[in-house]
>>> print(open('data19.csv').read())   # CSV, C-alpha atoms
chain,number,residue,atom,x,y,z
A,14,MET,CA,1.5,-4.6,21.2
A,15,SER,CA,2.9,-4.5,24.8
A,16,ASP,CA,1.3,-3.2,27.9
A,17,THR,CA,4.0,-0.7,28.4
A,18,GLU,CA,2.5,1.6,25.7
A,19,PHE,CA,-0.5,2.1,27.9
A,20,GLU,CA,1.2,2.6,31.2
A,21,GLY,CA,1.0,6.3,30.9
A,22,ILE,CA,-2.7,6.3,30.3
A,23,VAL,CA,-4.2,3.9,32.9
A,24,GLU,CA,-2.9,1.5,35.6
A,25,SER,CA,-4.7,-1.5,34.4
A,26,PRO,CA,-6.3,-2.2,31.0
A,27,TRP,CA,-9.5,-3.2,32.8
A,28,SER,CA,-10.0,0.0,34.7
A,29,GLY,CA,-11.5,1.7,31.7
A,30,GLY,CA,-8.3,1.0,29.8
A,31,ALA,CA,-7.6,2.1,26.3
A,32,SER,CA,-7.2,-1.4,24.9
A,33,PRO,CA,-8.0,-4.4,27.2
A,34,PHE,CA,-7.6,-6.9,24.4
A,35,ALA,CA,-4.4,-5.3,23.1
A,36,VAL,CA,-5.8,-5.1,19.6
A,37,ASN,CA,-6.8,-1.9,17.7
A,38,SER,CA,-10.4,-1.0,17.3
A,39,LYS,CA,-10.5,-2.0,13.6
A,40,LYS,CA,-9.4,-5.5,14.4
A,41,LEU,CA,-11.8,-5.9,17.4
A,42,GLY,CA,-14.6,-4.6,15.1
A,43,MET,CA,-13.8,-7.2,12.4
A,44,TRP,CA,-13.6,-10.0,15.0
A,45,LEU,CA,-17.1,-9.0,16.3
A,46,PHE,CA,-18.4,-8.9,12.8
A,47,ILE,CA,-16.9,-12.4,12.2
A,48,VAL,CA,-18.6,-13.8,15.3
A,49,SER,CA,-22.0,-12.4,14.1
A,50,ASP,CA,-21.4,-13.7,10.6
A,51,SER,CA,-20.4,-17.1,11.9
A,52,LEU,CA,-23.7,-17.3,13.7
A,53,THR,CA,-25.6,-16.4,10.5
A,54,PHE,CA,-23.8,-19.2,8.6
A,55,SER,CA,-24.2,-21.6,11.6
A,56,ALA,CA,-28.0,-21.0,11.6
A,57,LEU,CA,-28.1,-21.6,7.8
A,58,LEU,CA,-25.9,-24.7,8.0
A,59,ILE,CA,-27.8,-26.2,10.9
A,60,SER,CA,-31.1,-25.7,9.3
A,61,TYR,CA,-29.7,-27.2,6.1
A,62,ALA,CA,-28.3,-30.2,8.1
A,63,TYR,CA,-31.8,-30.6,9.6
A,64,VAL,CA,-33.6,-30.8,6.3
A,65,ARG,CA,-30.8,-33.0,4.9
A,66,LEU,CA,-31.0,-35.5,7.7
A,67,SER,CA,-34.8,-35.6,7.9
A,68,THR,CA,-35.4,-36.0,4.1
A,69,PRO,CA,-35.0,-39.7,3.3
A,70,ASP,CA,-35.0,-39.2,-0.5
A,71,TRP,CA,-32.5,-36.3,-0.6
A,72,PRO,CA,-31.2,-36.0,-4.1
A,73,ARG,CA,-27.6,-37.4,-4.4
A,74,GLU,CA,-26.8,-36.2,-7.8
A,75,PHE,CA,-23.2,-34.8,-7.7
A,76,GLU,CA,-21.1,-36.7,-10.1
A,77,PHE,CA,-17.3,-37.0,-9.6
A,78,TYR,CA,-17.0,-34.7,-12.6
A,79,PRO,CA,-17.8,-31.9,-12.8
A,80,ALA,CA,-19.3,-31.2,-9.3
A,81,ILE,CA,-16.8,-32.9,-6.9
A,82,VAL,CA,-13.7,-32.2,-9.0
A,83,LYS,CA,-14.6,-28.6,-9.3
A,84,SER,CA,-15.6,-28.1,-5.7
A,85,SER,CA,-12.3,-29.8,-4.6
A,86,ILE,CA,-10.3,-27.5,-6.8
A,87,MET,CA,-12.2,-24.6,-5.4
A,88,THR,CA,-11.3,-25.8,-1.8
A,89,LEU,CA,-7.6,-26.0,-2.9
A,90,ILE,CA,-7.9,-22.5,-4.3
A,91,LEU,CA,-9.4,-21.0,-1.2
A,92,LEU,CA,-6.9,-22.7,1.1
A,93,SER,CA,-4.0,-21.5,-1.1
A,94,SER,CA,-5.5,-17.9,-1.1
A,95,SER,CA,-5.4,-18.0,2.7
A,96,LEU,CA,-1.7,-18.9,2.6
A,97,THR,CA,-0.9,-16.0,0.2
A,98,MET,CA,-3.0,-13.7,2.5
A,99,VAL,CA,-0.9,-14.8,5.5
A,100,PHE,CA,2.3,-14.0,3.5
A,101,ALA,CA,0.8,-10.6,2.5
A,102,VAL,CA,0.1,-9.7,6.1
A,103,ASN,CA,3.6,-10.8,7.2
A,104,ALA,CA,5.2,-8.7,4.3
A,105,ALA,CA,3.0,-5.7,5.2
A,106,GLN,CA,4.0,-5.9,8.9
A,107,GLU,CA,7.7,-6.1,7.8
A,108,GLY,CA,7.2,-2.9,5.8
A,109,LYS,CA,7.8,-4.7,2.4
A,110,VAL,CA,5.1,-2.9,0.4
A,111,SER,CA,5.6,-4.3,-3.1
A,112,LYS,CA,5.9,-7.8,-1.7
A,113,ALA,CA,2.7,-7.4,0.3
A,114,VAL,CA,0.9,-6.0,-2.8
A,115,LYS,CA,2.1,-8.9,-4.9
A,116,TYR,CA,0.7,-11.4,-2.4
A,117,LEU,CA,-2.5,-9.4,-2.1
A,118,LEU,CA,-2.9,-9.5,-5.9
A,119,ALA,CA,-2.3,-13.3,-5.8
A,120,THR,CA,-5.0,-13.7,-3.1
A,121,MET,CA,-7.4,-11.7,-5.2
A,122,GLY,CA,-6.5,-13.8,-8.2
A,123,PHE,CA,-7.3,-17.0,-6.3
A,124,GLY,CA,-10.6,-15.4,-5.1
A,125,LEU,CA,-11.5,-14.5,-8.6
A,126,ALA,CA,-10.7,-18.0,-9.9
A,127,PHE,CA,-12.9,-19.4,-7.2
A,128,VAL,CA,-15.9,-17.2,-8.2
A,129,LEU,CA,-15.4,-18.0,-11.9
A,130,ILE,CA,-15.2,-21.8,-11.4
A,131,HIS,CA,-18.2,-21.5,-9.1
A,132,ALA,CA,-20.1,-19.6,-11.8
A,133,THR,CA,-19.4,-22.3,-14.4
A,134,GLU,CA,-20.8,-24.9,-11.9
A,135,TRP,CA,-23.9,-22.8,-11.3
A,136,TYR,CA,-24.3,-22.4,-15.1
A,137,THR,CA,-24.2,-26.2,-15.6
A,138,LEU,CA,-26.7,-26.8,-12.8
A,139,ILE,CA,-29.1,-24.1,-13.9
A,140,VAL,CA,-28.9,-24.3,-17.7
A,141,GLN,CA,-28.2,-28.0,-18.4
A,142,GLU,CA,-29.7,-29.7,-15.4
A,143,HIS,CA,-32.6,-27.3,-14.8
A,144,VAL,CA,-31.9,-26.9,-11.0
A,145,THR,CA,-33.4,-23.7,-9.5
A,146,PRO,CA,-34.0,-22.7,-5.9
A,147,TRP,CA,-37.7,-23.6,-6.5
A,148,SER,CA,-37.5,-26.9,-8.4
A,149,ASN,CA,-35.2,-29.5,-9.8
A,150,PRO,CA,-35.6,-32.7,-11.7
A,151,PHE,CA,-34.2,-34.9,-8.9
A,152,GLY,CA,-36.8,-34.5,-6.2
A,153,THR,CA,-37.3,-32.2,-3.2
A,154,PRO,CA,-37.0,-28.5,-4.1
A,155,LEU,CA,-35.1,-28.1,-0.8
A,156,PHE,CA,-32.0,-29.4,-2.7
A,157,GLY,CA,-31.9,-26.4,-5.0
A,158,GLY,CA,-33.0,-23.9,-2.3
A,159,THR,CA,-30.4,-24.9,0.2
A,160,PHE,CA,-27.7,-25.3,-2.5
A,161,PHE,CA,-28.1,-21.9,-4.0
A,162,GLY,CA,-28.8,-20.2,-0.7
A,163,LEU,CA,-25.7,-21.4,1.0
A,164,THR,CA,-23.3,-21.3,-1.9
A,165,GLY,CA,-24.8,-18.0,-3.1
A,166,LEU,CA,-24.3,-16.3,0.3
A,167,HIS,CA,-20.8,-17.6,0.4
A,168,MET,CA,-20.0,-16.5,-3.2
A,169,LEU,CA,-21.3,-13.0,-2.2
A,170,HIS,CA,-18.8,-13.0,0.6
A,171,VAL,CA,-16.0,-14.0,-1.7
A,172,THR,CA,-16.9,-11.4,-4.2
A,173,ILE,CA,-17.1,-8.7,-1.6
A,174,GLY,CA,-13.8,-10.0,-0.2
A,175,VAL,CA,-12.1,-9.6,-3.6
A,176,MET,CA,-13.3,-6.0,-3.8
A,177,TYR,CA,-12.3,-5.3,-0.2
A,178,LEU,CA,-8.8,-6.7,-0.8
A,179,GLY,CA,-8.6,-4.6,-4.0
A,180,ILE,CA,-9.4,-1.4,-2.1
A,181,ILE,CA,-6.9,-2.3,0.7
A,182,CYS,CA,-4.2,-3.2,-1.8
A,183,TRP,CA,-4.6,0.1,-3.6
A,184,GLY,CA,-4.6,2.1,-0.4
A,185,PHE,CA,-1.7,0.2,1.1
A,186,ASN,CA,0.3,0.6,-2.1
A,187,LYS,CA,-0.3,4.4,-2.0
A,188,GLY,CA,0.7,4.7,1.6
A,189,LYS,CA,-2.8,5.8,2.5
A,190,TRP,CA,-3.3,2.9,5.0
A,191,ASN,CA,-0.9,0.8,7.1
A,192,SER,CA,-0.3,-2.9,7.8
A,193,ASP,CA,-3.2,-3.0,10.3
A,194,HIS,CA,-5.7,-2.6,7.5
A,195,VAL,CA,-4.0,-5.4,5.6
A,196,GLU,CA,-4.2,-7.6,8.7
A,197,VAL,CA,-7.9,-6.8,9.3
A,198,SER,CA,-8.8,-7.6,5.7
A,199,GLY,CA,-6.9,-10.8,6.1
A,200,LEU,CA,-9.1,-11.8,9.0
A,201,TYR,CA,-12.2,-11.4,6.8
A,202,TRP,CA,-10.6,-13.4,4.0
A,203,HIS,CA,-9.6,-16.3,6.3
A,204,PHE,CA,-13.2,-16.3,7.6
A,205,VAL,CA,-14.6,-16.7,4.1
A,206,ASP,CA,-12.2,-19.6,3.7
A,207,LEU,CA,-13.3,-21.1,7.0
A,208,VAL,CA,-17.0,-21.0,6.0
A,209,TRP,CA,-16.2,-22.9,2.8
A,210,MET,CA,-14.6,-25.6,5.0
A,211,PHE,CA,-18.2,-26.3,6.2
A,212,ILE,CA,-20.1,-25.7,3.0
A,213,PHE,CA,-17.9,-28.0,0.9
A,214,PRO,CA,-18.4,-31.2,3.0
A,215,MET,CA,-22.0,-30.5,4.0
A,216,VAL,CA,-23.4,-29.4,0.6
A,217,TYR,CA,-21.2,-31.3,-1.9
A,218,LEU,CA,-19.9,-34.4,-0.1
A,219,LEU,CA,-23.3,-35.3,1.4
A,220,SER,CA,-24.9,-35.2,-2.1
A,221,ILE,CA,-22.4,-37.4,-4.0
A,222,LYS,CA,-24.0,-39.8,-6.4
A,223,PRO,CA,-23.5,-43.3,-5.0
A,224,ARG,CA,-21.4,-45.5,-7.2
B,19,MET,CA,14.5,2.5,20.6
B,20,SER,CA,16.3,-0.8,21.3
B,21,ALA,CA,13.4,-1.8,23.5
B,22,HIS,CA,11.0,-1.2,20.6
B,23,GLY,CA,13.2,-3.2,18.3
B,24,HIS,CA,13.1,-6.0,20.9
B,25,ALA,CA,9.3,-5.9,21.1
B,26,ALA,CA,9.0,-6.0,17.3
B,27,ALA,CA,11.3,-9.0,17.1
B,28,ALA,CA,9.3,-10.8,19.8
B,29,VAL,CA,6.1,-10.1,17.9
B,30,SER,CA,7.4,-11.4,14.6
B,31,HIS,CA,8.7,-14.5,16.4
B,32,GLU,CA,5.4,-15.0,18.1
B,33,VAL,CA,3.1,-14.9,15.1
B,34,GLY,CA,4.9,-17.8,13.4
B,35,ASN,CA,7.1,-18.2,10.3
B,36,THR,CA,6.6,-19.3,6.7
B,37,LYS,CA,7.3,-22.9,7.5
B,38,LEU,CA,4.6,-23.1,10.2
B,39,PHE,CA,2.0,-21.6,7.9
B,40,VAL,CA,2.9,-23.9,5.0
B,41,TRP,CA,2.6,-26.9,7.4
B,42,VAL,CA,-0.9,-25.6,8.5
B,43,TRP,CA,-1.8,-25.4,4.8
B,44,ILE,CA,-0.6,-28.9,4.2
B,45,TRP,CA,-2.6,-30.2,7.1
B,46,LEU,CA,-5.7,-28.4,5.9
B,47,LEU,CA,-5.3,-30.1,2.5
B,48,LEU,CA,-4.8,-33.5,4.0
B,49,LEU,CA,-7.9,-33.2,6.1
B,50,THR,CA,-9.8,-32.1,3.0
B,51,GLY,CA,-8.5,-35.2,1.3
B,52,VAL,CA,-9.8,-37.4,4.1
B,53,GLU,CA,-13.2,-35.7,3.8
B,54,ILE,CA,-13.4,-36.4,0.1
B,55,PHE,CA,-12.4,-40.0,0.7
B,56,LEU,CA,-15.2,-40.3,3.4
B,57,GLY,CA,-17.7,-38.8,1.0
B,58,TYR,CA,-17.3,-41.9,-1.2
B,59,GLU,CA,-17.7,-44.4,1.6
B,60,GLN,CA,-21.1,-46.0,2.2
B,61,ILE,CA,-21.7,-44.6,5.7
B,62,GLU,CA,-25.0,-43.8,7.4
B,63,VAL,CA,-25.8,-40.2,6.9
B,64,HIS,CA,-25.9,-39.0,10.5
B,65,LEU,CA,-22.6,-40.7,11.2
B,66,MET,CA,-21.2,-39.2,8.0
B,67,ILE,CA,-22.3,-35.7,8.8
B,68,THR,CA,-20.8,-36.0,12.3
B,69,MET,CA,-17.4,-37.1,11.0
B,70,LEU,CA,-17.4,-34.5,8.2
B,71,VAL,CA,-18.3,-31.6,10.6
B,72,GLY,CA,-15.9,-32.9,13.2
B,73,LEU,CA,-13.1,-32.8,10.6
B,74,SER,CA,-14.2,-29.3,9.5
B,75,LEU,CA,-14.2,-28.1,13.1
B,76,ILE,CA,-10.5,-29.2,13.3
B,77,LYS,CA,-9.8,-27.4,10.1
B,78,SER,CA,-11.5,-24.2,11.3
B,79,ALA,CA,-9.6,-24.4,14.6
B,80,LEU,CA,-6.4,-24.5,12.6
B,81,ILE,CA,-7.5,-21.5,10.4
B,82,VAL,CA,-8.6,-19.4,13.4
B,83,SER,CA,-5.5,-20.3,15.6
B,84,TYR,CA,-2.8,-19.8,13.0
B,85,PHE,CA,-4.0,-18.0,9.9
B,86,MET,CA,-6.2,-15.6,12.0
B,87,HIS,CA,-3.5,-15.4,14.7
B,88,LEU,CA,-6.0,-16.0,17.5
B,89,ARG,CA,-3.5,-18.3,19.2
B,90,PHE,CA,-1.1,-15.4,19.5
B,91,GLU,CA,-3.6,-12.9,20.8
B,92,ARG,CA,-4.5,-12.3,24.5
B,93,LEU,CA,-6.6,-14.9,26.2
B,94,GLY,CA,-9.1,-12.1,26.9
B,95,LEU,CA,-9.9,-11.7,23.2
B,96,PHE,CA,-10.4,-15.5,22.8
B,97,LEU,CA,-12.8,-15.5,25.9
B,98,LEU,CA,-14.7,-12.5,24.5
B,99,LEU,CA,-15.3,-14.1,21.1
B,100,VAL,CA,-15.4,-17.9,21.3
B,101,PRO,CA,-17.4,-19.2,24.3
B,102,ALA,CA,-20.5,-17.1,23.7
B,103,MET,CA,-20.5,-18.1,20.0
B,104,VAL,CA,-20.0,-21.8,20.8
B,105,PHE,CA,-22.9,-21.5,23.3
B,106,CYS,CA,-25.2,-20.0,20.7
B,107,ILE,CA,-24.3,-22.7,18.2
B,108,CYS,CA,-25.0,-25.4,20.8
B,109,MET,CA,-28.4,-23.9,21.6
B,110,MET,CA,-29.3,-24.0,17.9
B,111,LEU,CA,-28.2,-27.7,17.7
B,112,ILE,CA,-30.3,-28.5,20.8
B,113,MET,CA,-33.3,-26.9,19.2
B,114,PHE,CA,-33.0,-28.7,15.9
B,115,PHE,CA,-31.2,-32.1,16.1
B,116,PRO,CA,-33.4,-34.2,18.3
B,117,ASP,CA,-36.2,-33.6,15.9
B,118,SER,CA,-34.2,-34.4,12.8
B,119,ILE,CA,-33.2,-37.7,14.4
B,120,ARG,CA,-36.8,-38.4,15.4
B,121,LEU,CA,-38.0,-37.9,11.8
B,122,MET,CA,-35.2,-40.2,10.6
B,123,HIS,CA,-36.5,-43.0,12.9
B,124,MET,CA,-40.0,-42.5,11.5
B,125,ARG,CA,-38.8,-43.6,8.0
B,126,PRO,CA,-40.4,-46.8,6.8
B,127,GLN,CA,-37.7,-49.5,7.0
>>> encode(input="data19.csv", output="structure tokens")
Amino acid sequence: MSDTEFEGIVESPWSGGASPFAVNSKKLGMWLFIVSDSLTFSALLISYAYVRLSTPDWPREFEFYPAIVKSSIMTLILLSSSLTMVFAVNAAQEGKVSKAVKYLLATMGFGLAFVLIHATEWYTLIVQEHVTPWSNPFGTPLFGGTFFGLTGLHMLHVTIGVMYLGIICWGFNKGKWNSDHVEVSGLYWHFVDLVWMFIFPMVYLLSIKPR
Amino acid sequence: MSAHGHAAAAVSHEVGNTKLFVWVWIWLLLLTGVEIFLGYEQIEVHLMITMLVGLSLIKSALIVSYFMHLRFERLGLFLLLVPAMVFCICMMLIMFFPDSIRLMHMRPQ
């Protein structure tokens, strides 16, 4: 968006201007939410790193299969979903509605696949290996608490993201909402991907079973 | 009208093209591969976590800059969002990390 659009309103964007950052209010709101959510995840990840580093007998129980293979595939899925989301935003901005909807559906499909694979992994851990947030057969209960806390909050974000994209996809297809909505939902989706880029190495790769 | 068309063309040029985004995606996958490789190396845990988080910071910078378009937004938006957040995260690190390292050195050798 260029400055010229606001020339009739104010002289400078900083003199009480309509849009000093040249983004719409939805986008600014989402960015501010993302900053606050980043700090939430930072606090959780930093406290996790603290207990991980200061616990000498931290359980290192993640086998190559299923845990590491599954979590690597989940990383690939989330990264790919970000790529399809970028394409969806580009298509929406070019006014190609059906193309944008297809890419949004692909993104949702990836998101759903992520949640399903994650669910099978949780199932294995809880039912077969008896790991809960309160206890586990490997050692310190912090292992289960931090694992389910971090991955659970992230999975909640992915689940909400899939629903959010579904609503945006429906509204954009109907002509109810414009490409700005698609772009803002994209910001949220990429953020969910970004958080996983920290959870995957810190939670999974630091608990790999030594060969 | 022509000026508007011009602006739209400039915007679509600015926010990057398919090839750029596919390259970013490939780099993200490569960095993930390096992280998985490191996960299987026998490295001391605090060095390991530093390397893994360092790589993840590079990945998140790529995601924020290109996928989230922050590189193509005004500098003002970047200054609004990033420095204060980084400051808060540094404060959390300062509060926590010296103690985790102290506890590590208290381990019986």
>>> closest_residue(input="data19.csv", among="A:Gly122, A:Gly188, A:Pro223, A:Gly199", to="Phe85 of chain B", atoms="only C-alpha atoms")
A:Gly199
>>> atom_distance(input="data19.csv", atom1="atom CA of Asn37 of chain A", atom2="atom CA of Leu38 of chain B")
25.2 Å
>>> interface_residues(input="data19.csv", of="chain A", to="chain B", cutoff="8 Å", atoms="all atoms listed in the file", output="number ranges by chain")
A: 14-15, 33-35, 44-45, 48, 52, 55-56, 59-60, 63-64, 66-69, 89, 92-93, 95-96, 99-100, 199-200, 203, 207, 210-211, 214-215, 218-219, 221, 223
>>> atom_distance(input="data19.csv", atom1="atom CA of Ser148 of chain A", atom2="atom CA of His170 of chain A")
25.0 Å
>>> atom_distance(input="data19.csv", atom1="atom CA of Glu134 of chain A", atom2="atom CA of Gly165 of chain A")
11.9 Å
>>> closest_residue(input="data19.csv", among="A:Ile47, A:Val195, A:Val82, A:Leu138", to="Leu117 of chain A", atoms="only C-alpha atoms")
A:Val195
>>> residues_around(input="data19.csv", residues="Thr88 of chain A", least_positions_apart="2", cutoff="8 Å", atoms="all atoms listed in the file", output="PDB file with C-alpha atoms, keeping the file's coordinate frame")
ATOM      1  CA  SER A  84     -15.600 -28.100  -5.700  1.00  0.00           C
ATOM      2  CA  SER A  85     -12.300 -29.800  -4.600  1.00  0.00           C
ATOM      3  CA  ILE A  86     -10.300 -27.500  -6.800  1.00  0.00           C
ATOM      4  CA  ILE A  90      -7.900 -22.500  -4.300  1.00  0.00           C
ATOM      5  CA  LEU A  91      -9.400 -21.000  -1.200  1.00  0.00           C
ATOM      6  CA  LEU A  92      -6.900 -22.700   1.100  1.00  0.00           C
ATOM      7  CA  TRP A 209     -16.200 -22.900   2.800  1.00  0.00           C
ATOM      8  CA  MET A 210     -14.600 -25.600   5.000  1.00  0.00           C
ATOM      9  CA  PHE A 213     -17.900 -28.000   0.900  1.00  0.00           C
TER      10      PHE A 213
END
>>> closest_residue(input="data19.csv", among="A:Ala119, A:Leu41, A:Ile81, A:Val216", to="Gly158 of chain A", atoms="only C-alpha atoms")
A:Val216
>>> build_atoms(input="data19.csv", residues="segment 75-104 of chain A", atoms="N, CA and C atoms", output="PDB file, in the coordinates of the input")
ATOM      1  N   PHE A  75     -24.520 -35.375  -7.292  1.00  0.00           N
ATOM      2  CA  PHE A  75     -23.200 -34.800  -7.700  1.00  0.00           C
ATOM      3  C   PHE A  75     -22.293 -35.848  -8.199  1.00  0.00           C
ATOM      4  N   GLU A  76     -22.032 -35.789  -9.497  1.00  0.00           N
ATOM      5  CA  GLU A  76     -21.100 -36.700 -10.100  1.00  0.00           C
ATOM      6  C   GLU A  76     -19.674 -36.362  -9.730  1.00  0.00           C
ATOM      7  N   PHE A  77     -18.743 -37.329  -9.896  1.00  0.00           N
ATOM      8  CA  PHE A  77     -17.300 -37.000  -9.600  1.00  0.00           C
ATOM      9  C   PHE A  77     -16.881 -35.845 -10.436  1.00  0.00           C
ATOM     10  N   TYR A  78     -17.193 -35.894 -11.763  1.00  0.00           N
ATOM     11  CA  TYR A  78     -17.000 -34.700 -12.600  1.00  0.00           C
ATOM     12  C   TYR A  78     -18.290 -34.283 -13.172  1.00  0.00           C
ATOM     13  N   PRO A  79     -18.641 -32.997 -13.166  1.00  0.00           N
ATOM     14  CA  PRO A  79     -17.800 -31.900 -12.800  1.00  0.00           C
ATOM     15  C   PRO A  79     -17.890 -31.501 -11.270  1.00  0.00           C
ATOM     16  N   ALA A  80     -19.015 -31.835 -10.570  1.00  0.00           N
ATOM     17  CA  ALA A  80     -19.300 -31.200  -9.300  1.00  0.00           C
ATOM     18  C   ALA A  80     -18.155 -31.402  -8.257  1.00  0.00           C
ATOM     19  N   ILE A  81     -17.774 -32.662  -8.015  1.00  0.00           N
ATOM     20  CA  ILE A  81     -16.800 -32.900  -6.900  1.00  0.00           C
ATOM     21  C   ILE A  81     -15.421 -32.458  -7.288  1.00  0.00           C
ATOM     22  N   VAL A  82     -15.026 -32.702  -8.544  1.00  0.00           N
ATOM     23  CA  VAL A  82     -13.700 -32.200  -9.000  1.00  0.00           C
ATOM     24  C   VAL A  82     -13.611 -30.717  -8.850  1.00  0.00           C
ATOM     25  N   LYS A  83     -14.638 -30.035  -9.370  1.00  0.00           N
ATOM     26  CA  LYS A  83     -14.600 -28.600  -9.300  1.00  0.00           C
ATOM     27  C   LYS A  83     -14.611 -28.041  -7.904  1.00  0.00           C
ATOM     28  N   SER A  84     -15.484 -28.617  -7.055  1.00  0.00           N
ATOM     29  CA  SER A  84     -15.600 -28.100  -5.700  1.00  0.00           C
ATOM     30  C   SER A  84     -14.280 -28.406  -4.909  1.00  0.00           C
ATOM     31  N   SER A  85     -13.615 -29.540  -5.221  1.00  0.00           N
ATOM     32  CA  SER A  85     -12.300 -29.800  -4.600  1.00  0.00           C
ATOM     33  C   SER A  85     -11.271 -28.840  -5.000  1.00  0.00           C
ATOM     34  N   ILE A  86     -11.261 -28.534  -6.305  1.00  0.00           N
ATOM     35  CA  ILE A  86     -10.300 -27.500  -6.800  1.00  0.00           C
ATOM     36  C   ILE A  86     -10.570 -26.182  -6.153  1.00  0.00           C
ATOM     37  N   MET A  87     -11.860 -25.846  -5.999  1.00  0.00           N
ATOM     38  CA  MET A  87     -12.200 -24.600  -5.400  1.00  0.00           C
ATOM     39  C   MET A  87     -11.730 -24.546  -3.906  1.00  0.00           C
ATOM     40  N   THR A  88     -11.805 -25.712  -3.223  1.00  0.00           N
ATOM     41  CA  THR A  88     -11.300 -25.800  -1.800  1.00  0.00           C
ATOM     42  C   THR A  88      -9.794 -25.536  -1.822  1.00  0.00           C
ATOM     43  N   LEU A  89      -9.084 -26.197  -2.752  1.00  0.00           N
ATOM     44  CA  LEU A  89      -7.600 -26.000  -2.900  1.00  0.00           C
ATOM     45  C   LEU A  89      -7.309 -24.525  -3.117  1.00  0.00           C
ATOM     46  N   ILE A  90      -8.104 -23.910  -4.006  1.00  0.00           N
ATOM     47  CA  ILE A  90      -7.900 -22.500  -4.300  1.00  0.00           C
ATOM     48  C   ILE A  90      -8.051 -21.607  -3.122  1.00  0.00           C
ATOM     49  N   LEU A  91      -9.131 -21.828  -2.382  1.00  0.00           N
ATOM     50  CA  LEU A  91      -9.400 -21.000  -1.200  1.00  0.00           C
ATOM     51  C   LEU A  91      -8.333 -21.173  -0.136  1.00  0.00           C
ATOM     52  N   LEU A  92      -7.923 -22.435   0.098  1.00  0.00           N
ATOM     53  CA  LEU A  92      -6.900 -22.700   1.100  1.00  0.00           C
ATOM     54  C   LEU A  92      -5.582 -22.014   0.699  1.00  0.00           C
ATOM     55  N   SER A  93      -5.257 -22.101  -0.598  1.00  0.00           N
ATOM     56  CA  SER A  93      -4.000 -21.500  -1.100  1.00  0.00           C
ATOM     57  C   SER A  93      -4.121 -19.949  -0.958  1.00  0.00           C
ATOM     58  N   SER A  94      -5.330 -19.402  -1.203  1.00  0.00           N
ATOM     59  CA  SER A  94      -5.500 -17.900  -1.100  1.00  0.00           C
ATOM     60  C   SER A  94      -5.283 -17.494   0.348  1.00  0.00           C
ATOM     61  N   SER A  95      -5.658 -18.357   1.307  1.00  0.00           N
ATOM     62  CA  SER A  95      -5.400 -18.000   2.700  1.00  0.00           C
ATOM     63  C   SER A  95      -3.921 -17.961   2.990  1.00  0.00           C
ATOM     64  N   LEU A  96      -3.180 -18.897   2.382  1.00  0.00           N
ATOM     65  CA  LEU A  96      -1.700 -18.900   2.600  1.00  0.00           C
ATOM     66  C   LEU A  96      -1.086 -17.645   2.020  1.00  0.00           C
ATOM     67  N   THR A  97      -1.487 -17.260   0.804  1.00  0.00           N
ATOM     68  CA  THR A  97      -0.900 -16.000   0.200  1.00  0.00           C
ATOM     69  C   THR A  97      -1.326 -14.814   1.052  1.00  0.00           C
ATOM     70  N   MET A  98      -2.534 -14.861   1.635  1.00  0.00           N
ATOM     71  CA  MET A  98      -3.000 -13.700   2.500  1.00  0.00           C
ATOM     72  C   MET A  98      -2.111 -13.627   3.726  1.00  0.00           C
ATOM     73  N   VAL A  99      -1.763 -14.789   4.322  1.00  0.00           N
ATOM     74  CA  VAL A  99      -0.900 -14.800   5.500  1.00  0.00           C
ATOM     75  C   VAL A  99       0.466 -14.146   5.119  1.00  0.00           C
ATOM     76  N   PHE A 100       0.981 -14.522   3.940  1.00  0.00           N
ATOM     77  CA  PHE A 100       2.300 -14.000   3.500  1.00  0.00           C
ATOM     78  C   PHE A 100       2.131 -12.455   3.256  1.00  0.00           C
ATOM     79  N   ALA A 101       0.970 -12.038   2.723  1.00  0.00           N
ATOM     80  CA  ALA A 101       0.800 -10.600   2.500  1.00  0.00           C
ATOM     81  C   ALA A 101       0.783  -9.833   3.793  1.00  0.00           C
ATOM     82  N   VAL A 102       0.121 -10.369   4.827  1.00  0.00           N
ATOM     83  CA  VAL A 102       0.100  -9.700   6.100  1.00  0.00           C
ATOM     84  C   VAL A 102       1.497  -9.634   6.715  1.00  0.00           C
ATOM     85  N   ASN A 103       2.230 -10.765   6.641  1.00  0.00           N
ATOM     86  CA  ASN A 103       3.600 -10.800   7.200  1.00  0.00           C
ATOM     87  C   ASN A 103       4.468  -9.737   6.448  1.00  0.00           C
ATOM     88  N   ALA A 104       4.364  -9.692   5.112  1.00  0.00           N
ATOM     89  CA  ALA A 104       5.200  -8.700   4.300  1.00  0.00           C
ATOM     90  C   ALA A 104       4.781  -7.309   4.706  1.00  0.00           C
TER      91      ALA A 104
END
